[in-house]
Structures are given as C-alpha cells and as structure tokens.
file query.cif (mmCIF, C-alpha atoms)
data_final
loop_
_atom_site.label_atom_id
_atom_site.label_comp_id
_atom_site.auth_asym_id
_atom_site.auth_seq_id
_atom_site.Cartn_x
_atom_site.Cartn_y
_atom_site.Cartn_z
CA MET A 1 -251.79 -173.12 213.70
CA SER A 2 -253.32 -175.21 211.01
CA ALA A 3 -251.56 -178.17 209.53
CA ALA A 4 -251.31 -176.52 206.08
CA LEU A 5 -249.69 -173.42 207.56
CA ARG A 6 -247.33 -175.55 209.61
CA ARG A 7 -246.29 -177.43 206.49
CA ALA A 8 -245.77 -174.19 204.57
CA VAL A 9 -243.55 -172.74 207.29
CA GLY A 10 -241.62 -175.97 207.52
CA GLY A 11 -241.08 -175.96 203.77
CA LEU A 12 -239.79 -172.41 203.85
CA VAL A 13 -237.39 -173.25 206.66
CA LEU A 14 -236.17 -176.27 204.72
CA LEU A 15 -235.68 -174.24 201.55
CA GLY A 16 -233.86 -171.59 203.51
CA SER A 17 -231.55 -174.17 205.03
CA VAL A 18 -230.74 -175.61 201.62
CA ALA A 19 -230.13 -172.17 200.12
CA LEU A 20 -227.92 -171.03 202.98
CA PRO A 21 -224.65 -172.37 201.53
CA PHE A 22 -225.30 -170.44 198.34
CA VAL A 23 -225.67 -167.12 200.06
CA PRO A 24 -222.51 -165.17 199.30
CA LEU A 25 -220.67 -163.99 202.33
CA ALA A 26 -220.14 -160.30 202.73
CA HIS A 27 -217.11 -159.27 200.79
CA ALA A 28 -214.48 -158.01 203.16
CA ASP A 29 -212.78 -154.90 201.86
CA PRO A 30 -209.03 -154.74 202.15
CA PRO A 31 -207.94 -152.92 205.28
CA ALA A 32 -207.83 -149.16 204.90
CA THR A 33 -204.72 -147.30 205.95
CA THR A 34 -204.28 -143.58 206.33
CA LEU A 35 -200.83 -142.33 205.52
CA THR A 36 -199.34 -138.98 206.39
CA PRO A 37 -196.27 -137.61 204.65
CA SER A 38 -192.94 -138.62 206.09
CA ALA A 39 -191.20 -135.71 204.37
CA GLU A 40 -192.37 -132.65 202.52
CA ALA A 41 -190.77 -129.98 200.40
CA TRP A 42 -191.91 -127.04 198.37
CA TYR A 43 -190.06 -125.52 195.49
CA GLN A 44 -190.17 -122.19 193.78
CA PRO A 45 -188.69 -121.14 190.46
CA ASN A 46 -185.10 -120.05 190.48
CA PRO A 47 -185.28 -116.23 190.32
CA SER A 48 -181.97 -116.10 188.48
CA CYS A 49 -183.69 -117.78 185.52
CA GLN A 50 -185.25 -114.41 184.77
CA LEU A 51 -181.82 -112.85 184.27
CA PRO A 52 -180.52 -112.30 180.75
CA VAL A 53 -177.68 -114.75 181.41
CA GLY A 54 -180.14 -117.52 182.23
CA CYS A 55 -180.38 -119.81 185.25
CA GLN A 56 -177.43 -119.86 187.58
CA ALA A 57 -176.60 -123.19 189.12
CA LEU A 58 -173.62 -124.94 190.56
CA PRO A 59 -171.63 -126.62 187.76
CA ALA A 60 -171.06 -130.35 187.84
CA ALA A 61 -167.29 -129.97 187.51
CA PRO A 62 -165.08 -127.25 188.98
CA ALA A 63 -164.52 -124.45 186.54
CA PRO A 64 -161.42 -122.28 186.35
CA VAL A 65 -163.50 -119.12 186.63
CA PRO A 66 -165.49 -118.31 189.76
CA ALA A 67 -168.71 -120.22 189.41
CA PRO A 68 -172.04 -118.49 189.82
CA VAL A 69 -173.77 -119.62 192.95
CA THR A 70 -177.37 -120.62 193.23
CA PRO A 71 -179.14 -117.91 195.18
CA PRO A 72 -180.23 -119.05 198.62
CA ALA A 73 -183.81 -120.15 199.02
CA THR A 74 -185.98 -117.47 200.52
CA SER A 75 -189.38 -118.25 201.93
CA PRO A 76 -191.46 -115.36 203.16
CA TRP A 77 -193.98 -117.80 204.60
CA PRO A 78 -194.09 -119.52 207.98
CA ALA A 79 -191.74 -122.43 208.49
CA GLY A 80 -193.41 -125.75 207.87
CA SER A 81 -196.01 -124.37 205.49
CA LEU A 82 -196.27 -125.83 202.01
CA HIS A 83 -197.34 -123.93 198.93
CA VAL A 84 -198.74 -124.42 195.45
CA ALA A 85 -199.24 -121.18 193.62
CA VAL A 86 -199.68 -119.37 190.34
CA ALA A 87 -199.18 -115.64 189.89
CA GLY A 88 -200.03 -113.97 186.63
CA GLY A 89 -200.30 -117.32 184.88
CA GLN A 90 -196.82 -118.39 185.97
CA GLU A 91 -196.18 -121.20 188.42
CA THR A 92 -194.53 -119.83 191.53
CA ALA A 93 -194.65 -122.78 193.91
CA ARG A 94 -195.18 -126.54 193.98
CA SER A 95 -195.01 -129.09 196.78
CA TYR A 96 -193.83 -132.66 197.13
CA LEU A 97 -195.10 -135.19 199.68
CA ALA A 98 -193.29 -138.44 200.43
CA PHE A 99 -195.67 -141.16 201.62
CA GLY A 100 -193.56 -144.31 201.74
CA LEU A 101 -195.79 -146.08 199.24
CA ALA A 102 -193.20 -148.76 198.54
CA ASP A 103 -193.47 -150.06 202.11
CA LEU A 104 -197.16 -150.91 201.98
CA GLY A 105 -196.51 -154.56 201.20
CA GLY A 106 -199.36 -155.04 198.82
CA THR A 107 -201.25 -153.77 195.86
CA VAL A 108 -202.98 -150.44 196.32
CA THR A 109 -206.60 -150.84 195.29
CA SER A 110 -207.80 -147.37 196.15
CA ALA A 111 -206.23 -144.12 197.25
CA VAL A 112 -207.82 -140.85 198.22
CA LEU A 113 -205.82 -137.75 199.01
CA ASP A 114 -207.11 -135.00 201.28
CA VAL A 115 -205.12 -131.85 201.88
CA PRO A 116 -206.46 -129.53 204.61
CA LEU A 117 -205.80 -125.93 203.61
CA ASP A 118 -204.58 -123.00 205.63
CA PRO A 119 -206.89 -120.18 204.46
CA SER A 120 -204.98 -117.39 206.20
CA ALA A 121 -203.88 -114.62 203.88
CA GLN A 122 -201.09 -113.87 206.32
CA ASP A 123 -199.62 -117.26 205.43
CA GLY A 124 -199.94 -116.58 201.71
CA SER A 125 -203.32 -118.01 200.81
CA VAL A 126 -204.93 -116.26 197.86
CA SER A 127 -208.21 -117.39 196.30
CA PRO A 128 -207.75 -121.09 197.11
CA GLU A 129 -211.25 -121.80 195.81
CA THR A 130 -210.07 -120.96 192.30
CA ALA A 131 -206.97 -123.12 192.48
CA ALA A 132 -206.36 -125.68 189.72
CA VAL A 133 -204.07 -128.15 191.46
CA GLN A 134 -203.17 -131.51 190.05
CA VAL A 135 -201.57 -134.47 191.79
CA CYS A 136 -198.79 -136.29 190.00
CA PRO A 137 -196.53 -139.13 191.10
CA PHE A 138 -192.84 -138.40 191.09
CA THR A 139 -189.73 -140.47 191.08
CA GLY A 140 -186.87 -140.06 193.49
CA SER A 141 -186.85 -138.97 197.07
CA VAL A 142 -187.84 -135.81 198.87
CA THR A 143 -185.41 -133.79 200.89
CA PRO A 144 -187.29 -131.45 203.22
CA ALA A 145 -187.00 -127.97 201.76
CA ASP A 146 -188.69 -124.67 202.43
CA GLY A 147 -188.95 -122.75 199.18
CA SER A 148 -185.99 -124.39 197.50
CA VAL A 149 -184.90 -123.04 194.12
CA ASP A 150 -183.07 -126.24 193.23
CA PRO A 151 -184.49 -128.40 190.44
CA PRO A 152 -187.37 -130.42 191.91
CA PRO A 153 -187.84 -134.18 191.41
CA THR A 154 -189.26 -135.26 188.09
CA VAL A 155 -193.02 -135.65 187.98
CA ALA A 156 -195.06 -137.93 185.76
CA CYS A 157 -198.15 -135.89 185.12
CA ALA A 158 -199.35 -138.14 182.31
CA GLN A 159 -201.11 -139.97 185.14
CA GLY A 160 -202.00 -136.77 186.96
CA VAL A 161 -205.28 -136.34 188.78
CA ASP A 162 -207.06 -133.06 189.31
CA THR A 163 -208.00 -132.02 192.82
CA THR A 164 -211.27 -130.44 193.81
CA TYR A 165 -211.71 -127.69 196.35
CA VAL A 166 -214.08 -128.58 199.17
CA ALA A 167 -215.12 -125.67 201.36
CA THR A 168 -216.92 -127.47 204.16
CA PRO A 169 -216.52 -128.38 206.94
CA THR A 170 -213.00 -127.02 206.57
CA PRO A 171 -211.37 -125.97 203.31
CA HIS A 172 -209.40 -128.80 201.78
CA LEU A 173 -208.35 -130.29 198.46
CA HIS A 174 -209.71 -133.71 197.61
CA ALA A 175 -208.49 -136.12 194.95
CA ASP A 176 -209.41 -139.69 194.13
CA LEU A 177 -206.19 -141.21 192.87
CA ALA A 178 -207.83 -144.20 191.15
CA PRO A 179 -206.43 -143.28 187.70
CA MET A 180 -202.87 -143.41 188.98
CA LEU A 181 -202.97 -146.51 191.18
CA GLY A 182 -200.62 -148.35 188.87
CA ALA A 183 -198.01 -145.65 189.17
CA LEU A 184 -198.16 -145.36 192.93
CA ALA A 185 -196.14 -148.48 193.64
CA ASP A 186 -193.03 -147.10 191.99
CA ALA A 187 -193.54 -143.49 193.02
CA GLY A 188 -191.49 -141.71 195.61
CA GLY A 189 -194.57 -139.77 196.59
CA LEU A 190 -197.04 -137.26 195.29
CA ALA A 191 -196.40 -133.83 193.85
CA LEU A 192 -198.99 -131.07 194.01
CA LEU A 193 -198.50 -128.51 191.30
CA PRO A 194 -200.54 -126.07 189.22
CA ASP A 195 -202.40 -127.61 186.32
CA ALA A 196 -200.90 -125.84 183.32
CA ARG A 197 -203.89 -126.78 181.18
CA LYS A 198 -206.21 -124.76 183.39
CA THR A 199 -203.93 -121.81 183.99
CA ALA A 200 -204.68 -118.60 182.13
CA GLN A 201 -202.45 -115.56 181.89
CA THR A 202 -204.59 -113.82 184.46
CA SER A 203 -204.66 -116.73 186.92
CA THR A 204 -203.46 -115.84 190.38
CA TRP A 205 -204.07 -118.14 193.30
CA HIS A 206 -202.10 -119.60 196.16
CA VAL A 207 -202.97 -122.57 198.33
CA VAL A 208 -201.21 -123.17 201.62
CA PHE A 209 -201.17 -126.32 203.71
CA SER A 210 -199.08 -127.69 206.52
CA ALA A 211 -196.21 -130.08 206.72
CA HIS A 212 -196.45 -132.76 209.38
CA ASP A 213 -193.87 -130.95 211.50
CA ARG A 214 -195.33 -127.46 211.27
CA ALA A 215 -195.48 -125.96 214.74
CA ASP A 216 -196.88 -122.44 214.55
CA ALA A 217 -200.36 -121.37 215.61
CA ALA A 218 -201.84 -121.49 212.10
CA LYS A 219 -200.96 -125.17 211.76
CA THR A 220 -203.53 -127.34 210.00
CA PRO A 221 -203.59 -131.15 209.90
CA PRO A 222 -201.11 -132.57 207.41
CA ALA A 223 -202.18 -134.12 204.13
CA SER A 224 -203.59 -137.60 204.45
CA LEU A 225 -203.63 -140.42 201.93
CA ALA A 226 -206.28 -143.06 202.62
CA VAL A 227 -205.27 -146.25 200.83
CA GLN A 228 -206.67 -149.73 200.67
CA VAL A 229 -204.03 -152.36 200.19
CA THR A 230 -204.48 -155.95 199.11
CA PRO A 231 -201.54 -157.89 200.55
CA TYR A 232 -199.35 -159.81 198.16
CA PRO A 233 -200.20 -163.55 198.12
CA THR A 234 -197.97 -165.47 200.50
CA GLN A 235 -197.20 -169.19 200.32
CA THR A 236 -198.23 -170.98 203.49
CA GLU A 237 -198.41 -174.65 204.34
CA ASP A 238 -202.18 -174.52 204.56
CA ALA A 239 -202.56 -173.08 201.11
CA PHE A 240 -200.96 -175.96 199.25
CA PRO A 241 -201.33 -179.71 199.65
CA PRO A 242 -198.31 -181.63 200.89
CA VAL A 243 -195.87 -182.53 198.18
CA GLN A 244 -195.99 -186.18 197.18
CA PRO A 245 -192.95 -187.88 195.73
CA MET A 246 -193.27 -188.25 192.00
CA ALA A 247 -193.72 -191.72 190.64
CA PRO A 248 -191.27 -192.71 187.89
CA PRO A 249 -192.80 -192.40 184.45
CA ALA A 250 -194.12 -195.58 183.00
CA ALA A 251 -192.77 -194.73 179.57
CA PRO A 252 -190.06 -192.37 178.38
CA PRO A 253 -191.32 -188.97 177.28
CA LEU A 254 -191.84 -188.27 173.69
CA THR A 255 -189.35 -185.45 173.70
CA GLY A 256 -185.99 -185.21 175.27
CA THR A 257 -186.83 -182.53 177.79
CA GLY A 258 -187.58 -184.93 180.60
CA PHE A 259 -191.07 -183.52 180.97
CA ALA A 260 -194.17 -184.67 179.28
CA ALA A 261 -195.75 -182.24 176.97
CA PRO A 262 -198.59 -180.38 178.65
CA PRO A 263 -202.04 -180.94 177.35
CA PRO A 264 -203.15 -178.37 174.86
CA VAL A 265 -204.94 -175.48 176.42
CA GLN A 266 -208.25 -174.56 174.98
CA LEU A 267 -208.42 -170.79 174.97
CA PRO A 268 -211.85 -169.29 174.79
CA ALA A 269 -212.46 -167.54 171.60
CA GLN A 270 -212.41 -163.84 172.14
CA GLN A 271 -215.53 -162.11 171.18
CA PRO A 272 -215.34 -158.66 169.74
CA PRO A 273 -216.56 -156.05 172.14
CA LEU A 274 -220.16 -155.25 171.71
CA ALA A 275 -220.52 -151.78 170.32
CA LEU A 276 -223.37 -150.08 172.06
CA PRO A 277 -224.71 -146.79 170.89
CA ALA A 278 -223.43 -144.06 173.07
CA ALA A 279 -226.13 -142.80 175.33
CA PRO A 280 -226.37 -139.03 175.48
CA GLN A 281 -224.65 -137.82 178.58
CA PRO A 282 -226.47 -135.26 180.63
CA ALA A 283 -224.75 -131.93 180.68
CA PRO A 284 -222.77 -131.48 183.88
CA VAL A 285 -224.38 -129.02 186.21
CA ALA A 286 -222.18 -127.11 188.57
CA GLN A 287 -223.50 -127.31 192.07
CA ALA A 288 -223.88 -124.07 193.87
CA ARG A 289 -221.74 -123.84 196.95
CA THR A 290 -221.18 -121.20 199.53
CA ILE A 291 -217.63 -120.14 200.13
CA THR A 292 -216.78 -118.07 203.15
CA VAL A 293 -213.84 -115.86 202.40
CA GLY A 294 -212.56 -113.47 205.01
CA TYR A 295 -210.85 -110.15 204.54
CA ALA A 296 -207.16 -109.90 205.14
CA TYR A 297 -207.58 -106.49 206.76
CA PRO A 298 -211.16 -106.12 208.02
CA ALA A 299 -210.21 -102.86 209.71
CA VAL A 300 -210.50 -101.12 206.35
CA TRP A 301 -214.26 -101.14 206.85
CA LEU A 302 -213.72 -98.53 209.57
CA ILE A 303 -212.31 -96.06 207.04
CA PRO A 304 -215.74 -94.60 206.10
CA LEU A 305 -216.47 -94.04 209.79
CA ALA A 306 -213.10 -92.40 210.22
CA LEU A 307 -213.81 -90.14 207.25
CA LEU A 308 -217.18 -89.31 208.76
CA VAL A 309 -215.40 -88.01 211.84
CA LEU A 310 -212.29 -86.50 210.28
CA VAL A 311 -213.93 -84.43 207.54
CA PRO A 312 -216.06 -82.30 209.94
CA LEU A 313 -213.11 -81.99 212.32
CA THR A 314 -210.87 -80.79 209.49
CA THR A 315 -213.50 -78.39 208.18
CA GLY A 316 -214.08 -77.02 211.64
CA ALA A 317 -210.38 -76.60 212.32
CA LEU A 318 -209.81 -74.77 209.02
CA THR A 319 -212.74 -72.36 209.50
CA LYS A 320 -212.35 -71.67 213.18
CA ASP A 321 -211.57 -68.18 214.35
CA LEU A 322 -207.96 -68.33 215.48
CA THR A 323 -207.83 -64.93 217.10
CA PRO A 324 -205.93 -65.39 220.36
CA ARG A 325 -207.94 -64.86 223.51
CA ARG A 326 -206.83 -62.09 225.77
CA MET B 1 -203.71 -78.20 237.38
CA ARG B 2 -202.57 -75.52 234.98
CA ARG B 3 -202.52 -76.42 231.27
CA PRO B 4 -199.50 -75.44 229.21
CA GLY B 5 -199.95 -72.17 227.40
CA TRP B 6 -199.76 -73.61 223.89
CA THR B 7 -202.66 -75.95 224.55
CA THR B 8 -204.97 -73.01 225.12
CA ASP B 9 -204.11 -71.57 221.70
CA PRO B 10 -207.17 -71.83 219.40
CA ALA B 11 -205.02 -73.30 216.63
CA ALA B 12 -203.69 -76.16 218.77
CA PRO B 13 -206.50 -78.71 218.19
CA GLY B 14 -206.32 -78.27 214.42
CA LEU B 15 -202.54 -78.54 214.37
CA ALA B 16 -202.73 -81.69 216.49
CA LEU B 17 -205.26 -83.18 214.05
CA PHE B 18 -203.07 -82.43 211.05
CA ALA B 19 -200.02 -83.80 212.83
CA ALA B 20 -202.03 -87.01 213.31
CA PHE B 21 -202.58 -87.05 209.53
CA VAL B 22 -198.82 -86.95 208.97
CA VAL B 23 -198.18 -89.69 211.54
CA GLY B 24 -200.93 -91.84 210.01
CA GLY B 25 -199.36 -91.37 206.59
CA PHE B 26 -196.02 -92.65 207.82
CA VAL B 27 -197.75 -95.61 209.48
CA ALA B 28 -199.50 -96.42 206.18
CA ILE B 29 -196.17 -96.28 204.35
CA ALA B 30 -194.64 -98.66 206.90
CA LEU B 31 -197.58 -101.06 206.57
CA GLY B 32 -197.35 -100.98 202.79
CA TRP B 33 -193.66 -101.75 202.94
CA ARG B 34 -194.28 -104.62 205.37
CA VAL B 35 -196.92 -106.26 203.18
CA ALA B 36 -194.93 -105.78 199.99
CA ALA B 37 -191.71 -107.08 201.51
CA ARG B 38 -193.17 -110.36 202.71
CA THR B 39 -194.29 -111.57 199.31
CA LEU B 40 -192.45 -112.30 196.10
CA TYR B 41 -195.49 -111.76 193.91
CA VAL B 42 -195.67 -108.50 192.04
CA ALA B 43 -199.42 -109.00 191.75
CA LEU B 44 -199.70 -108.78 195.53
CA GLN B 45 -197.06 -106.11 195.97
CA VAL B 46 -198.78 -103.59 193.73
CA PRO B 47 -201.93 -103.20 195.89
CA ALA B 48 -199.78 -102.83 198.99
CA LEU B 49 -197.70 -100.14 197.33
CA VAL B 50 -200.71 -98.29 195.93
CA SER B 51 -202.75 -98.41 199.15
CA GLY B 52 -199.87 -98.11 201.58
CA ALA B 53 -197.17 -96.06 199.94
CA LEU B 54 -199.25 -93.74 197.76
CA GLY B 55 -202.05 -93.47 200.32
CA GLY B 56 -199.52 -92.76 203.03
CA LEU B 57 -197.79 -90.13 200.91
CA ALA B 58 -201.14 -88.50 200.23
CA LEU B 59 -201.91 -88.41 203.96
CA VAL B 60 -198.51 -86.90 204.75
CA ALA B 61 -198.92 -84.26 202.03
CA LEU B 62 -202.48 -83.46 203.10
CA GLY B 63 -201.54 -83.18 206.78
CA THR B 64 -198.56 -80.97 205.99
CA ALA B 65 -200.59 -78.70 203.71
CA PHE B 66 -203.36 -78.33 206.27
CA ALA B 67 -200.87 -77.64 209.02
CA THR B 68 -199.19 -74.96 206.90
CA THR B 69 -202.56 -73.39 206.15
CA GLN B 70 -203.52 -73.49 209.80
CA ALA B 71 -200.23 -71.90 210.82
CA GLY B 72 -200.73 -69.14 208.23
CA ARG B 73 -204.24 -68.50 209.50
CA ARG B 74 -202.94 -68.40 213.05
CA ILE B 75 -200.25 -65.85 212.14
CA ALA B 76 -202.77 -63.73 210.21
CA ALA B 77 -205.17 -63.82 213.15
CA GLN B 78 -202.35 -62.76 215.47
CA GLU B 79 -201.46 -59.86 213.12
CA ARG B 80 -205.10 -58.77 213.01
CA ALA B 81 -205.28 -58.91 216.76
CA ASP B 82 -202.07 -56.90 217.08
CA THR B 83 -203.34 -54.35 214.55
CA ASP B 84 -206.62 -54.04 216.41
CA ALA B 85 -204.74 -53.56 219.68
CA LEU B 86 -202.54 -50.92 218.10
CA LEU B 87 -205.55 -49.09 216.66
CA ASP B 88 -207.26 -49.26 220.04
CA GLU B 89 -204.23 -47.73 221.68
CA LEU B 90 -204.02 -45.01 218.99
CA GLY B 91 -207.70 -44.25 219.43
CA GLY B 92 -207.24 -43.96 223.16
CA LEU B 93 -204.27 -41.69 222.65
CA VAL B 94 -206.20 -39.45 220.27
CA ASP B 95 -209.11 -39.28 222.71
CA SER B 96 -206.79 -38.33 225.53
CA LEU B 97 -205.18 -35.61 223.38
CA ARG B 98 -208.58 -34.19 222.42
CA SER B 99 -209.77 -34.14 225.95
CA ARG B 100 -206.67 -32.18 227.11
CA PRO B 101 -207.48 -28.47 227.46
#
call {"tool": "encode", "arguments": {"input": "query.cif", "output": "structure tokens"}}
result
Amino acid sequence: MSAALRRAVGGLVLLGSVALPFVPLAHADPPATTLTPSAEAWYQPNPSCQLPVGCQALPAAPAPVPAPVTPPATSPWPAGSLHVAVAGGQETARSYLAFGLADLGGTVTSAVLDVPLDPSAQDGSVSPETAAVQVCPFTGSVTPADGSVDPPPTVACAQGVDTTYVATPTPHLHADLAPMLGALADAGGLALLPDARKTAQTSTWHVVFSAHDRADAAKTPPASLAVQVTPYPTQTEDAFPPVQPMAPPAAPPLTGTGFAAPPPVQLPAQQPPLALPAAPQPAPVAQARTITVGYAYPAVWLIPLALLVLVPLTTGALTKDLTPRR
Amino acid sequence: MRRPGWTTDPAAPGLALFAAFVVGGFVAIALGWRVAARTLYVALQVPALVSGALGGLALVALGTAFATTQAGRRIAAQERADTDALLDELGGLVDSLRSRP
C-alpha cells in the first residue's frame, strides 16, 4: 500500500470517527400491541318499530296500564357470531366491540383494525365483498348480546373510518384508524355498522365474524386491533436534577406575588402558510381483484343431469304399453 | 325369491317414478321452509319460497297428474285386455258351434 493511499484511508477513518456522534440512532417505534375484544354484542332493529303504534319498549316508570314488553331478541344465526348487515337499503344489524382502550396507559399513535370474516352463507354471510362497513367509536360499555333489539350504545361516526374488504389470504375487513386516534382514548370500543352514505335502496349484504368466545365449527379468529402506544411521561429521579434549596432573594420582588416576574418570552412570528398550487391528482384506479365466492347449495348444478335422466324415464313410462302380461 | 305380484305389473315402474316426484316435491317444500324460517330478511326469504315452496308444489302437482294419467292408462289397458279375452272366448264359442253337426 502506498503512502498516499494509506493517508487517504486514515483520513476517511478519522472523518468517520468524527462524524459518528452525528449519525442519528435508529428511531425505536413504540411497542405494538394487538388487542382482541373483551366483550362483543350485535344489535338488530326492534321489529315492533314497524308496527303502526311505534316502537314498544319498557317504560321508565311503572304505568297503571299493562306496559308493552320489548319483544325478546331472536337470532337465527350461530351463537357467538357477530353481524353487520343491510337488507333492501335498511340496516338490519350492527356490532360493537369493547377493546379496553382506556387501560393502555399511553397515547395511541397508530391503530389498525382487522376483522376476519366468516364467509359461510349458512351463518348469514351475503355478498361480503360489497359491504360498506364503517368503524365508529362509541361511548359507554358493551353488554354481550346476541341480536339484541334494545337501543345500542351511542356512536360518534363523525370520526368514522371506512373499512375495506380484503379477499386474500382469507376474507377480512381492514381499517386504518388513524383519523380517529384522538377519539379512541375516551371510547368504550369500536362499533361496526353500515355506512349510510354508501347504502342504496337496493343494497343487500351481510358480513359475519366471530366473537372471541365463539365455539362452533365455523369459528374464525376474533377481530384484532393492532395499536402502538407511547407511554405517558413518568417522573423519575434520573430525569430531573436534584432539587437545590433556594437562596433567599437579594432584593424584594417588584410585585407582591413573592415571585419574580418571568422574563418575557419571545414568540416566533408565525408565518402564513405557503399556498402551493394544487397538483393535479391522478385519477384513482380500482385494482382488479379476484374474489372466490362459493355457492350456498352447489347441488343445484346436478339438476340438469337429473332432468336429463328423468325426462326420458317419464316419457318412456307414459308411452309404455301397459297391457298386463298373461 | 318370488317378487310380489304388483312389482311385475308394467305400470309399477312409472307409478314409482311419479311417486318419487311427489316425495321430492314435499322435500323441496320442507327445504324452502327451513331456509326461509332461519332468516329475518324478506330479500332472502323470497328466493327460498319461490324455489322451495312453488317448485315443490309444482313437483307434487306434476307427480300426481302423471300418476293419475298412468293409472288411467293402466285401467284402459286392462279393459282392452279383458275385451280381447272376451272376444277370443266368443270367437272360440262361435267356432265350436259351427263345427257341431
């Protein structure tokens, strides 16, 4: 190695050593936590609301006349299944998931909801790929219910987020809850309900998913909420210097508060936001995707074969000579 | 092993086929009721009722009509056979009377 090359390499090593303290360390993301619902419930409209007398519900105070009773909840679907549905443009089911967001002990910096779907038509699923489901935070608590007709908890869909249907590897709904992070801290959980803005009079779809305690054979994994939480700042002895006893003031303060006036704070002058010309946005292009949808009753495809056999048999039977043999 | 007499009747296979139509119709009605009863959605109940109930009724009606037709054909064939036997006997009787001196 020549002396010039040796000096060049040495210089590079020296420069690298000097620059090392300025190299930013890799930013450590807050720890990610995956939450599953601690309680779930799904609600359906009170069928008595369609009666001419209006909705029937238990009165708050006892009435002298026999009070109408709320009809019992009836769920034709498997126990532990949860539903969000629209039939003929009318909402027929919505679900509530309690995630215990208040116990996270920090500020939620990201949240992603994934809801694995049960695609079985036997369990009620109808055209889940066309579903327009939105996620909204709700206040209050969730009492496990299976098709309750009681009034559901109040939702705050002003911060609602639309879900997207993902067909592969398994059908599920996906939602990035970034727009509603601020509302998550005070929320009792997440409500999944039909998006009224995207529901037409002809809309009919039904998505089914599983509660965490569903036990039948068609069970799918429960909904999962992947959150990243930044812990609240805690005061430790290492974070602050030891407290020194205050020296008595050399002169009395100018005002009678006992504290000297703080030095004036120089606030940076706010600059008006720079108005940039809006760049033309490319038109969104829907990506083609393959959706595998099964038939609820695949045996119907045997009907043509059955007709192929039955028609000649019937014709033969009706034209056969029925003269009894002797 | 000797088969029962009614199974050797030429109308038996056809009647059995049409009886199967009727049974299949009742099965379709039961399936339609089962599908319609397990959902609260009218939009899903209507196809079950149309395919199950109406299709089942059509099968029952078709099977019954075919069975009635087959039974009528069987009775007519029996009458023709009886008439032929009677004419044969009459012919034999006439022949025997002619041949008597």
call {"tool": "closest_residue", "arguments": {"input": "query.cif", "among": "A:Leu308, A:Ala102, A:Val166, A:Ala121", "to": "chain B", "atoms": "all atoms listed in the file"}}
result
A:Ala121
call {"tool": "atom_distance", "arguments": {"input": "query.cif", "atom1": "atom CA of B:Val22", "atom2": "atom CA of B:Ala65"}}
result
9.9 Å
call {"tool": "interface_residues", "arguments": {"input": "query.cif", "of": "chain A", "to": "chain B", "cutoff": "8 Å", "atoms": "only C-alpha atoms", "output": "ChimeraX atom specification"}}
result
/A:76-77,87-88,124,314,317-318,321-325
call {"tool": "atom_distance", "arguments": {"input": "query.cif", "atom1": "atom CA of B:Ala16", "atom2": "atom CA of B:Arg2"}}
result
19.5 Å
call {"tool": "residues_around", "arguments": {"input": "query.cif", "residues": "A:Ala211", "least_positions_apart": "4", "cutoff": "6 Å", "atoms": "all atoms listed in the file", "output": "JSON, numbers by chain"}}
result
{"A": [80, 81, 222]}
call {"tool": "resolve_selection", "arguments": {"input": "query.cif", "expression": "the PyMOL selection byres ((chain B and resi 55) around 12)", "output": "PyMOL selection string"}}
result
chain B and resi 21-22+24-32+47-54+56-62
call {"tool": "closest_residue", "arguments": {"input": "query.cif", "among": "A:Val207, A:Val311, A:Leu117, A:Ala111", "to": "A:Thr170", "atoms": "all atoms listed in the file"}}
result
A:Leu117
call {"tool": "resolve_selection", "arguments": {"input": "query.cif", "expression": "the PyMOL selection byres ((chain A and resi 37) around 7)", "output": "MDAnalysis selection string"}}
result
chainID A and resid 35:36 38:40 97:99 212 223
call {"tool": "atom_distance", "arguments": {"input": "query.cif", "atom1": "atom CA of A:Ser125", "atom2": "atom CA of A:Arg197"}}
result
21.5 Å
call {"tool": "residues_around", "arguments": {"input": "query.cif", "residues": "A:Ala185", "least_positions_apart": "3", "cutoff": "12 Å", "atoms": "all atoms listed in the file", "output": "JSON, numbers by chain"}}
result
{"A": [99, 100, 101, 102, 103, 104, 105, 106, 107, 108, 109, 110, 111, 137, 138, 139, 180, 181, 182, 188, 189, 190, 227, 229]}
call {"tool": "closest_residue", "arguments": {"input": "query.cif", "among": "A:Leu82, A:Tyr165, A:Gln122, A:Leu184", "to": "B:Arg34", "atoms": "all atoms listed in the file"}}
result
A:Gln122
call {"tool": "resolve_selection", "arguments": {"input": "query.cif", "expression": "the PyMOL selection byres ((chain A and resi 216) around 10)", "output": "PyMOL selection string"}}
result
chain A and resi 78-81+210+213-215+217-220
call {"tool": "decode", "arguments": {"input": "query.cif", "residues": "stretch 118-129 of chain A", "atoms": "N, CA and C atoms", "output": "tab-separated table (two decimals), in the first residue's frame"}}
result
chain	number	residue	atom	x	y	z
A	118	ASP	N	-66.44	-14.57	8.39
A	118	ASP	CA	-66.97	-15.92	8.19
A	118	ASP	C	-67.77	-15.88	6.89
A	119	PRO	N	-67.26	-16.49	5.81
A	119	PRO	CA	-67.94	-16.34	4.52
A	119	PRO	C	-69.09	-17.32	4.31
A	120	SER	N	-69.42	-18.11	5.31
A	120	SER	CA	-70.42	-19.16	5.11
A	120	SER	C	-71.82	-18.55	5.00
A	121	ALA	N	-72.51	-18.92	3.94
A	121	ALA	CA	-73.89	-18.46	3.78
A	121	ALA	C	-74.79	-19.07	4.83
A	122	GLN	N	-74.42	-20.24	5.33
A	122	GLN	CA	-75.23	-20.86	6.37
A	122	GLN	C	-75.24	-20.00	7.64
A	123	ASP	N	-74.17	-19.24	7.84
A	123	ASP	CA	-74.10	-18.39	9.02
A	123	ASP	C	-74.64	-16.99	8.75
A	124	GLY	N	-75.12	-16.76	7.52
A	124	GLY	CA	-75.74	-15.48	7.21
A	124	GLY	C	-75.00	-14.61	6.25
A	125	SER	N	-73.79	-14.98	5.87
A	125	SER	CA	-72.99	-14.11	5.01
A	125	SER	C	-73.62	-13.97	3.63
A	126	VAL	N	-73.75	-12.74	3.20
A	126	VAL	CA	-74.31	-12.44	1.88
A	126	VAL	C	-73.46	-11.32	1.25
A	127	SER	N	-72.85	-11.61	0.15
A	127	SER	CA	-72.07	-10.62	-0.62
A	127	SER	C	-71.19	-9.75	0.27
A	128	PRO	N	-70.31	-10.36	1.07
A	128	PRO	CA	-69.48	-9.51	1.95
A	128	PRO	C	-68.54	-8.61	1.16
A	129	GLU	N	-68.23	-8.98	-0.08
A	129	GLU	CA	-67.30	-8.14	-0.85
A	129	GLU	C	-67.93	-6.82	-1.25
